[in-house]
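Q: I am sharing upload.pdb, which consists of PDB, C-alpha atoms, pLDDT in the B column:
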ATOM      1  CA  GLY A 280       0.000   0.000   0.000  1.00 52.00           C
ATOM      2  CA  VAL A 281       0.864   3.639  -0.171  1.00 61.00           C
ATOM      3  CA  GLY A 282       1.392   5.504   3.068  1.00 59.00           C
ATOM      4  CA  GLN A 283       0.640   9.081   3.841  1.00 78.00           C
ATOM      5  CA  ARG A 284       3.562  11.471   4.269  1.00 85.00           C
ATOM      6  CA  GLY A 285       3.644  14.406   6.639  1.00 89.00           C
ATOM      7  CA  LEU A 286       5.717  16.324   9.159  1.00 92.00           C
ATOM      8  CA  GLY A 287       5.903  16.659  12.899  1.00 93.00           C
ATOM      9  CA  PHE A 288       7.377  19.325  15.150  1.00 94.00           C
ATOM     10  CA  LEU A 289       8.135  19.095  18.841  1.00 91.00           C
ATOM     11  CA  ARG A 290       9.735  21.413  21.365  1.00 92.00           C
ATOM     12  CA  LEU A 291      11.410  20.309  24.571  1.00 93.00           C
ATOM     13  CA  ASP A 292      11.333  22.297  27.794  1.00 94.00           C
ATOM     14  CA  ASP A 293      14.452  23.085  29.849  1.00 94.00           C
ATOM     15  CA  ALA A 294      14.196  19.706  31.601  1.00 96.00           C
ATOM     16  CA  GLY A 295      14.192  17.854  28.263  1.00 94.00           C
ATOM     17  CA  ARG A 296      10.505  16.952  28.391  1.00 96.00           C
ATOM     18  CA  ILE A 297       8.192  17.372  25.443  1.00 95.00           C
ATOM     19  CA  ALA A 298       6.406  20.705  25.852  1.00 95.00           C
ATOM     20  CA  TYR A 299       4.785  21.114  22.432  1.00 94.00           C
ATOM     21  CA  VAL A 300       3.826  18.706  19.633  1.00 94.00           C
ATOM     22  CA  ARG A 301       2.234  19.344  16.268  1.00 94.00           C
ATOM     23  CA  GLU A 302       1.773  16.859  13.435  1.00 93.00           C
ATOM     24  CA  VAL A 303       0.354  17.408   9.984  1.00 91.00           C
ATOM     25  CA  GLY A 304      -0.438  14.729   7.419  1.00 89.00           C
ATOM     26  CA  GLU A 305      -0.237  15.081   3.683  1.00 85.00           C
ATOM     27  CA  PRO A 306      -3.533  16.362   2.261  1.00 81.00           C
ATOM     28  CA  LEU A 307      -5.559  13.662   0.533  1.00 78.00           C
ATOM     29  CA  PHE A 308      -6.797  16.228  -2.013  1.00 73.00           C
ATOM     30  CA  LYS A 309      -4.019  18.069  -3.864  1.00 74.00           C
ATOM     31  CA  ALA A 310      -5.335  21.550  -4.603  1.00 71.00           C
ATOM     32  CA  GLY A 311      -2.221  22.444  -6.619  1.00 72.00           C
ATOM     33  CA  GLU A 312      -2.655  25.615  -8.649  1.00 73.00           C
ATOM     34  CA  LEU A 313      -6.155  26.034  -7.196  1.00 66.00           C
ATOM     35  CA  THR A 314      -4.341  27.137  -4.014  1.00 71.00           C
ATOM     36  CA  GLU A 315      -2.849  30.084  -5.876  1.00 68.00           C
ATOM     37  CA  GLN A 316      -6.174  30.924  -7.525  1.00 66.00           C
ATOM     38  CA  LEU A 317      -7.982  30.824  -4.177  1.00 68.00           C
ATOM     39  CA  LEU A 318      -5.438  33.126  -2.514  1.00 70.00           C
ATOM     40  CA  LYS A 319      -5.677  35.554  -5.435  1.00 63.00           C
ATOM     41  CA  ALA A 320      -9.483  35.533  -5.248  1.00 66.00           C
ATOM     42  CA  LEU A 321      -9.479  36.097  -1.477  1.00 68.00           C
ATOM     43  CA  THR A 322      -7.066  39.027  -1.750  1.00 66.00           C
ATOM     44  CA  LYS A 323      -8.116  40.554  -5.093  1.00 69.00           C
ATOM     45  CA  ASP A 324      -9.197  43.827  -3.484  1.00 71.00           C
ATOM     46  CA  GLN A 325      -5.950  44.360  -1.578  1.00 67.00           C
ATOM     47  CA  PRO A 326      -3.894  47.361  -2.700  1.00 68.00           C
ATOM     48  CA  PRO A 327      -0.276  46.736  -3.649  1.00 64.00           C
ATOM     49  CA  PRO A 328       2.201  47.571  -0.895  1.00 58.00           C
ATOM     50  CA  PRO A 329       4.013  50.905  -1.150  1.00 57.00           C
ATOM     51  CA  THR A 330       7.252  50.722  -3.094  1.00 58.00           C
ATOM     52  CA  GLN A 331      10.187  50.507  -0.717  1.00 55.00           C
ATOM     53  CA  PRO A 332      13.765  51.442  -1.478  1.00 53.00           C
ATOM     54  CA  ALA A 333      16.231  48.567  -1.751  1.00 51.00           C
ATOM     55  CA  THR A 334      17.726  47.530   1.575  1.00 50.00           C
ATOM     56  CA  SER A 335      20.705  45.496   2.688  1.00 47.00           C
ATOM     57  CA  ALA A 336      18.600  42.309   2.643  1.00 50.00           C
ATOM     58  CA  ARG A 337      20.363  41.172  -0.510  1.00 53.00           C
ATOM     59  CA  ASN A 338      23.799  41.510   1.100  1.00 66.00           C
ATOM     60  CA  GLU A 339      23.298  39.194   4.071  1.00 78.00           C
ATOM     61  CA  THR A 340      24.293  35.573   3.606  1.00 83.00           C
ATOM     62  CA  PRO A 341      23.207  33.260   6.426  1.00 87.00           C
ATOM     63  CA  THR A 342      24.555  29.714   6.020  1.00 81.00           C
ATOM     64  CA  THR A 343      22.817  27.550   8.632  1.00 90.00           C
ATOM     65  CA  ALA A 344      19.373  26.105   8.029  1.00 93.00           C
ATOM     66  CA  GLY A 345      17.846  27.961  10.989  1.00 91.00           C
ATOM     67  CA  SER A 346      19.373  31.324  10.099  1.00 90.00           C
ATOM     68  CA  ILE A 347      18.352  30.981   6.435  1.00 91.00           C
ATOM     69  CA  VAL A 348      14.718  30.326   7.400  1.00 90.00           C
ATOM     70  CA  ARG A 349      14.644  33.258   9.832  1.00 90.00           C
ATOM     71  CA  TYR A 350      16.221  35.498   7.202  1.00 88.00           C
ATOM     72  CA  LEU A 351      13.894  34.437   4.367  1.00 86.00           C
ATOM     73  CA  TYR A 352      10.708  34.805   6.393  1.00 84.00           C
ATOM     74  CA  GLY A 353      11.905  37.896   8.241  1.00 82.00           C
ATOM     75  CA  THR A 354      14.246  40.294   6.465  1.00 76.00           C
ATOM     76  CA  VAL A 355      13.646  39.160   2.874  1.00 76.00           C
ATOM     77  CA  GLN A 356       9.862  38.982   3.231  1.00 71.00           C
ATOM     78  CA  GLN A 357       9.734  42.453   4.810  1.00 68.00           C
ATOM     79  CA  ALA A 358      12.325  44.290   2.747  1.00 66.00           C
ATOM     80  CA  GLY A 359      12.503  42.293  -0.440  1.00 63.00           C
ATOM     81  CA  GLY A 360      15.473  40.407  -1.739  1.00 65.00           C
ATOM     82  CA  ASP A 361      16.540  37.516  -3.852  1.00 75.00           C
ATOM     83  CA  ALA A 362      15.349  34.499  -1.854  1.00 79.00           C
ATOM     84  CA  VAL A 363      16.133  32.078  -4.684  1.00 86.00           C
ATOM     85  CA  ARG A 364      19.876  32.581  -4.283  1.00 89.00           C
ATOM     86  CA  PHE A 365      19.642  30.465  -1.107  1.00 91.00           C
ATOM     87  CA  TYR A 366      18.526  27.381  -3.068  1.00 94.00           C
ATOM     88  CA  SER A 367      20.897  24.857  -4.672  1.00 96.00           C
ATOM     89  CA  GLN A 368      20.714  24.189  -8.414  1.00 97.00           C
ATOM     90  CA  ASP A 369      19.251  20.719  -7.776  1.00 98.00           C
ATOM     91  CA  VAL A 370      16.863  21.624  -4.948  1.00 98.00           C
ATOM     92  CA  VAL A 371      13.797  19.447  -4.421  1.00 98.00           C
ATOM     93  CA  TYR A 372      10.807  21.396  -3.056  1.00 96.00           C
ATOM     94  CA  GLU A 373       7.844  19.258  -1.979  1.00 95.00           C
ATOM     95  CA  ASP A 374       4.779  21.389  -1.339  1.00 92.00           C
ATOM     96  CA  MET A 375       2.188  18.829  -0.311  1.00 91.00           C
ATOM     97  CA  ASN A 376      -0.569  20.847  -2.031  1.00 88.00           C
ATOM     98  CA  TYR A 377       0.907  19.689  -5.352  1.00 90.00           C
ATOM     99  CA  ASP A 378       1.080  16.222  -6.915  1.00 90.00           C
ATOM    100  CA  ARG A 379       4.760  16.497  -7.815  1.00 93.00           C
ATOM    101  CA  PRO A 380       7.744  18.246  -6.258  1.00 95.00           C
ATOM    102  CA  PHE A 381       9.359  21.268  -7.872  1.00 95.00           C
ATOM    103  CA  VAL A 382      12.833  20.103  -8.903  1.00 98.00           C
ATOM    104  CA  GLY A 383      15.707  22.446  -9.708  1.00 97.00           C
ATOM    105  CA  LYS A 384      16.301  26.100  -8.982  1.00 95.00           C
ATOM    106  CA  PRO A 385      14.365  27.439 -12.026  1.00 96.00           C
ATOM    107  CA  ALA A 386      11.239  25.433 -11.104  1.00 95.00           C
ATOM    108  CA  VAL A 387      11.415  26.566  -7.467  1.00 93.00           C
ATOM    109  CA  ALA A 388      11.990  30.185  -8.537  1.00 90.00           C
ATOM    110  CA  ASP A 389       8.888  30.070 -10.740  1.00 89.00           C
ATOM    111  CA  PHE A 390       6.832  28.500  -7.938  1.00 87.00           C
ATOM    112  CA  LEU A 391       7.935  31.076  -5.342  1.00 84.00           C
ATOM    113  CA  ASP A 392       7.441  33.986  -7.769  1.00 83.00           C
ATOM    114  CA  ARG A 393       3.807  33.001  -8.299  1.00 80.00           C
ATOM    115  CA  PHE A 394       3.136  33.509  -4.590  1.00 71.00           C
ATOM    116  CA  GLN A 395       5.179  36.724  -4.319  1.00 73.00           C
ATOM    117  CA  THR A 396       2.726  38.523  -6.601  1.00 70.00           C
ATOM    118  CA  ILE A 397      -0.262  37.819  -4.334  1.00 70.00           C
ATOM    119  CA  GLN A 398      -1.050  40.916  -2.244  1.00 74.00           C
ATOM    120  CA  GLY A 399      -2.337  40.667   1.324  1.00 76.00           C
ATOM    121  CA  VAL A 400      -0.721  37.334   2.213  1.00 77.00           C
ATOM    122  CA  THR A 401       1.816  37.281   5.062  1.00 81.00           C
ATOM    123  CA  PHE A 402       3.855  34.260   6.122  1.00 84.00           C
ATOM    124  CA  ASN A 403       4.549  34.232   9.890  1.00 89.00           C
ATOM    125  CA  LEU A 404       7.045  31.970  11.605  1.00 92.00           C
ATOM    126  CA  GLU A 405       5.865  30.500  14.907  1.00 94.00           C
ATOM    127  CA  GLU A 406       8.182  27.812  16.297  1.00 93.00           C
ATOM    128  CA  VAL A 407      11.629  27.358  14.680  1.00 93.00           C
ATOM    129  CA  SER A 408      14.160  24.669  15.588  1.00 92.00           C
ATOM    130  CA  ASP A 409      17.828  25.587  15.828  1.00 85.00           C
ATOM    131  CA  GLY A 410      19.426  23.167  13.361  1.00 86.00           C
ATOM    132  CA  SER A 411      22.473  24.027  11.311  1.00 91.00           C
ATOM    133  CA  GLN A 412      22.044  21.434   8.504  1.00 95.00           C
ATOM    134  CA  ALA A 413      18.277  21.007   8.852  1.00 96.00           C
ATOM    135  CA  VAL A 414      15.449  22.946  10.458  1.00 96.00           C
ATOM    136  CA  GLY A 415      11.787  22.398  11.109  1.00 95.00           C
ATOM    137  CA  PHE A 416       9.322  25.186  11.735  1.00 95.00           C
ATOM    138  CA  THR A 417       5.645  25.875  12.186  1.00 95.00           C
ATOM    139  CA  TYR A 418       3.903  28.810  10.577  1.00 93.00           C
ATOM    140  CA  THR A 419       0.688  30.637   9.914  1.00 91.00           C
ATOM    141  CA  ILE A 420      -0.223  32.410   6.711  1.00 86.00           C
ATOM    142  CA  ASP A 421      -2.391  35.451   7.329  1.00 85.00           C
ATOM    143  CA  ILE A 422      -4.757  36.370   4.524  1.00 82.00           C
ATOM    144  CA  LYS A 423      -5.814  39.997   4.760  1.00 79.00           C
ATOM    145  CA  GLY A 424      -9.557  40.403   5.063  1.00 75.00           C
ATOM    146  CA  GLN A 425     -10.067  36.796   6.160  1.00 75.00           C
ATOM    147  CA  PRO A 426     -10.894  35.800   9.745  1.00 77.00           C
ATOM    148  CA  ARG A 427      -8.670  32.743   9.643  1.00 82.00           C
ATOM    149  CA  GLY A 428      -5.385  31.920   7.973  1.00 82.00           C
ATOM    150  CA  VAL A 429      -3.547  28.732   7.091  1.00 86.00           C
ATOM    151  CA  ARG A 430      -1.262  26.804   9.430  1.00 92.00           C
ATOM    152  CA  GLY A 431       1.448  24.343   8.547  1.00 92.00           C
ATOM    153  CA  ILE A 432       4.841  22.774   9.158  1.00 96.00           C
ATOM    154  CA  THR A 433       7.921  22.965   6.933  1.00 95.00           C
ATOM    155  CA  PHE A 434      11.291  21.193   6.901  1.00 96.00           C
ATOM    156  CA  TYR A 435      14.416  22.655   5.229  1.00 96.00           C
ATOM    157  CA  GLU A 436      17.742  20.904   4.643  1.00 97.00           C
ATOM    158  CA  VAL A 437      20.917  22.684   3.519  1.00 96.00           C
ATOM    159  CA  ASP A 438      23.892  21.174   1.713  1.00 96.00           C
ATOM    160  CA  ARG A 439      27.597  21.588   2.552  1.00 93.00           C
ATOM    161  CA  GLN A 440      27.682  24.917   0.711  1.00 93.00           C
ATOM    162  CA  GLY A 441      24.924  26.279   2.947  1.00 92.00           C
ATOM    163  CA  LEU A 442      22.276  26.193   0.207  1.00 94.00           C
ATOM    164  CA  VAL A 443      18.771  24.816   0.620  1.00 95.00           C
ATOM    165  CA  CYS A 444      18.695  21.424  -1.124  1.00 97.00           C
ATOM    166  CA  TYR A 445      15.394  20.005   0.158  1.00 98.00           C
ATOM    167  CA  VAL A 446      12.084  21.441   1.377  1.00 96.00           C
ATOM    168  CA  ARG A 447       8.903  19.703   2.486  1.00 96.00           C
ATOM    169  CA  ASP A 448       5.916  21.929   3.269  1.00 93.00           C
ATOM    170  CA  VAL A 449       2.698  20.479   4.672  1.00 92.00           C
ATOM    171  CA  PRO A 450      -0.250  22.854   5.218  1.00 89.00           C
ATOM    172  CA  GLU A 451      -2.997  21.964   7.678  1.00 86.00           C
TER
END
Turn the structure described in the file into structure tokens.
A:
Amino acid sequence: GVGQRGLGFLRLDDAGRIAYVREVGEPLFKAGELTEQLLKALTKDQPPPPTQPATSARNETPTTAGSIVRYLYGTVQQAGGDAVRFYSQDVVYEDMNYDRPFVGKPAVADFLDRFQTIQGVTFNLEEVSDGSQAVGFTYTIDIKGQPRGVRGITFYEVDRQGLVCYVRDVPE
């Protein structure tokens, strides 16, 4: 048989006991590009953000998995920047909303660009592990004008050059 994939995240307290657990299974229905269309429909009346001058976001180069994630979903998301430069040429990006992974830097760049053009959607980190080669994190996606957003868990792995080589994202 075929199993269901997913991700889990747990946090330990200072005594080493489990303090927080969250698990998310792969969606049975793969919305794929309908996800993008839905987000665009929900945010169609949102004005574009004001144009901001270029910042130093493009000049920072974090190299650990945890610092890359914090940078991408902090500095780069807020100030703009070239997020794709943090991905390896042969990256595999599994977004569980899609039937197939996005393979290679050009495919991932195209995928990420499609979401960058949607106004009124903000990705917020919640819990982030502290891994250097791999990191797991939980998130919420706020959709302006909507009472409830989307939650999920993501896993990033970086290669020896400090570039993201694997991503698995599982929305709830």
Q: Name the closest residue to Ala388 in chain A among the candidates A:Val363, A:Val348, A:Ile432, A:Ala298; distances are taken between atoms, counting all atoms listed in the file.
A: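 Comparing A:Val363, A:Val348, A:Ile432, A:Ala298 against Ala388 in chain A, the winner is A:Val363.
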Q: Step by step, work through what the PyMOL selection byres ((chain A and resi 376) around 10) selects in the shown file, and finish by giving those residues as an MDAnalysis selection string.
A: chainID A and resid 305:314 373:375 377:380 448:450
Q: Here's a test: counting all atoms listed in the file, identify every protein, DNA and RNA residue with an atom at most 12 Å from (15.9, 32.3, 10.9) in the file's coordinate frame, and state them as a VMD selection string.
A: chain A and resid 340 to 356 403 to 411 413 to 416 435
Q: Identify which of the residues A:Leu442, A:Val370, A:Ala362, A:Val400 lies closest to Gly424 in chain A, counting all atoms listed in the file when measuring atom-to-atom distances.
A: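 The shortest atom-to-atom distance to Gly424 in chain A comes from A:Val400.
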Q: Given only C-alpha atoms as the basis, pick out the residue of A:Val443, A:Leu318, A:Leu291, A:Val429 nearest to Thr396 in chain A.
A: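 For Thr396 in chain A, the nearest of the given residues is A:Leu318.
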Q: Point out the residue among A:Asp421, A:Arg290, A:Cys444, A:Phe434 with the least atom-to-atom distance to Val382 in chain A, counting all atoms listed in the file.
A: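 That would be A:Cys444, the residue with the smallest distance to Val382 in chain A.
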Q: Could you give me the axis-aligned bounding box of range 341-358 of chain A, with 6 Å of padding per side, as centre plus edge lengths in Å to one decimal, as JSON?
A:
{"center_x": 17.1, "center_y": 35.2, "center_z": 6.9, "size_x": 26.8, "size_y": 30.2, "size_z": 20.2}
Q: Determine the residue set returned by the PyMOL selection byres ((chain A and resi 367) around 12) for the present structure, and present it as a PDB file with C-alpha atoms, in the frame of the given file.
A:
ATOM      1  CA  ALA A 362      15.349  34.499  -1.854  1.00 79.00           C
ATOM      2  CA  VAL A 363      16.133  32.078  -4.684  1.00 86.00           C
ATOM      3  CA  ARG A 364      19.876  32.581  -4.283  1.00 89.00           C
ATOM      4  CA  PHE A 365      19.642  30.465  -1.107  1.00 91.00           C
ATOM      5  CA  TYR A 366      18.526  27.381  -3.068  1.00 94.00           C
ATOM      6  CA  GLN A 368      20.714  24.189  -8.414  1.00 97.00           C
ATOM      7  CA  ASP A 369      19.251  20.719  -7.776  1.00 98.00           C
ATOM      8  CA  VAL A 370      16.863  21.624  -4.948  1.00 98.00           C
ATOM      9  CA  VAL A 371      13.797  19.447  -4.421  1.00 98.00           C
ATOM     10  CA  TYR A 372      10.807  21.396  -3.056  1.00 96.00           C
ATOM     11  CA  VAL A 382      12.833  20.103  -8.903  1.00 98.00           C
ATOM     12  CA  GLY A 383      15.707  22.446  -9.708  1.00 97.00           C
ATOM     13  CA  LYS A 384      16.301  26.100  -8.982  1.00 95.00           C
ATOM     14  CA  PRO A 385      14.365  27.439 -12.026  1.00 96.00           C
ATOM     15  CA  ALA A 386      11.239  25.433 -11.104  1.00 95.00           C
ATOM     16  CA  VAL A 387      11.415  26.566  -7.467  1.00 93.00           C
ATOM     17  CA  ALA A 388      11.990  30.185  -8.537  1.00 90.00           C
ATOM     18  CA  GLU A 436      17.742  20.904   4.643  1.00 97.00           C
ATOM     19  CA  VAL A 437      20.917  22.684   3.519  1.00 96.00           C
ATOM     20  CA  ASP A 438      23.892  21.174   1.713  1.00 96.00           C
ATOM     21  CA  ARG A 439      27.597  21.588   2.552  1.00 93.00           C
ATOM     22  CA  GLN A 440      27.682  24.917   0.711  1.00 93.00           C
ATOM     23  CA  GLY A 441      24.924  26.279   2.947  1.00 92.00           C
ATOM     24  CA  LEU A 442      22.276  26.193   0.207  1.00 94.00           C
ATOM     25  CA  VAL A 443      18.771  24.816   0.620  1.00 95.00           C
ATOM     26  CA  CYS A 444      18.695  21.424  -1.124  1.00 97.00           C
ATOM     27  CA  TYR A 445      15.394  20.005   0.158  1.00 98.00           C
ATOM     28  CA  VAL A 446      12.084  21.441   1.377  1.00 96.00           C
TER      29      VAL A 446
END
Q: CA of Gly399 in chain A and CA of Thr419 in chain A, how far apart in Å?
A: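 Computing the Euclidean distance for CA of Thr419 in chain A and CA of Gly399 in chain A yields 13.5 Å.
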Q: What separation in Å, quoted to one decimal, exists between CA of Phe402 in chain A and CA of Arg284 in chain A?
A: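 Spanning CA of Phe402 in chain A to CA of Arg284 in chain A is a straight-line distance of 22.9 Å.
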Q: CA of Ile420 in chain A and CA of Gln395 in chain A are how many Å apart?
A: 13.0 Å
Q: Taking the file above as input, evaluate the PyMOL selection byres ((chain A and resi 299) around 12) and report the hits as a list in words.
A: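 On the file shown, the PyMOL selection byres ((chain A and resi 299) around 12) covers Gly287, Phe288, Leu289, Arg290, Leu291, Asp292, Gly295, Arg296, Ile297, Ala298, Val300, Arg301, Glu302, Glu406 and Thr417 of chain A.
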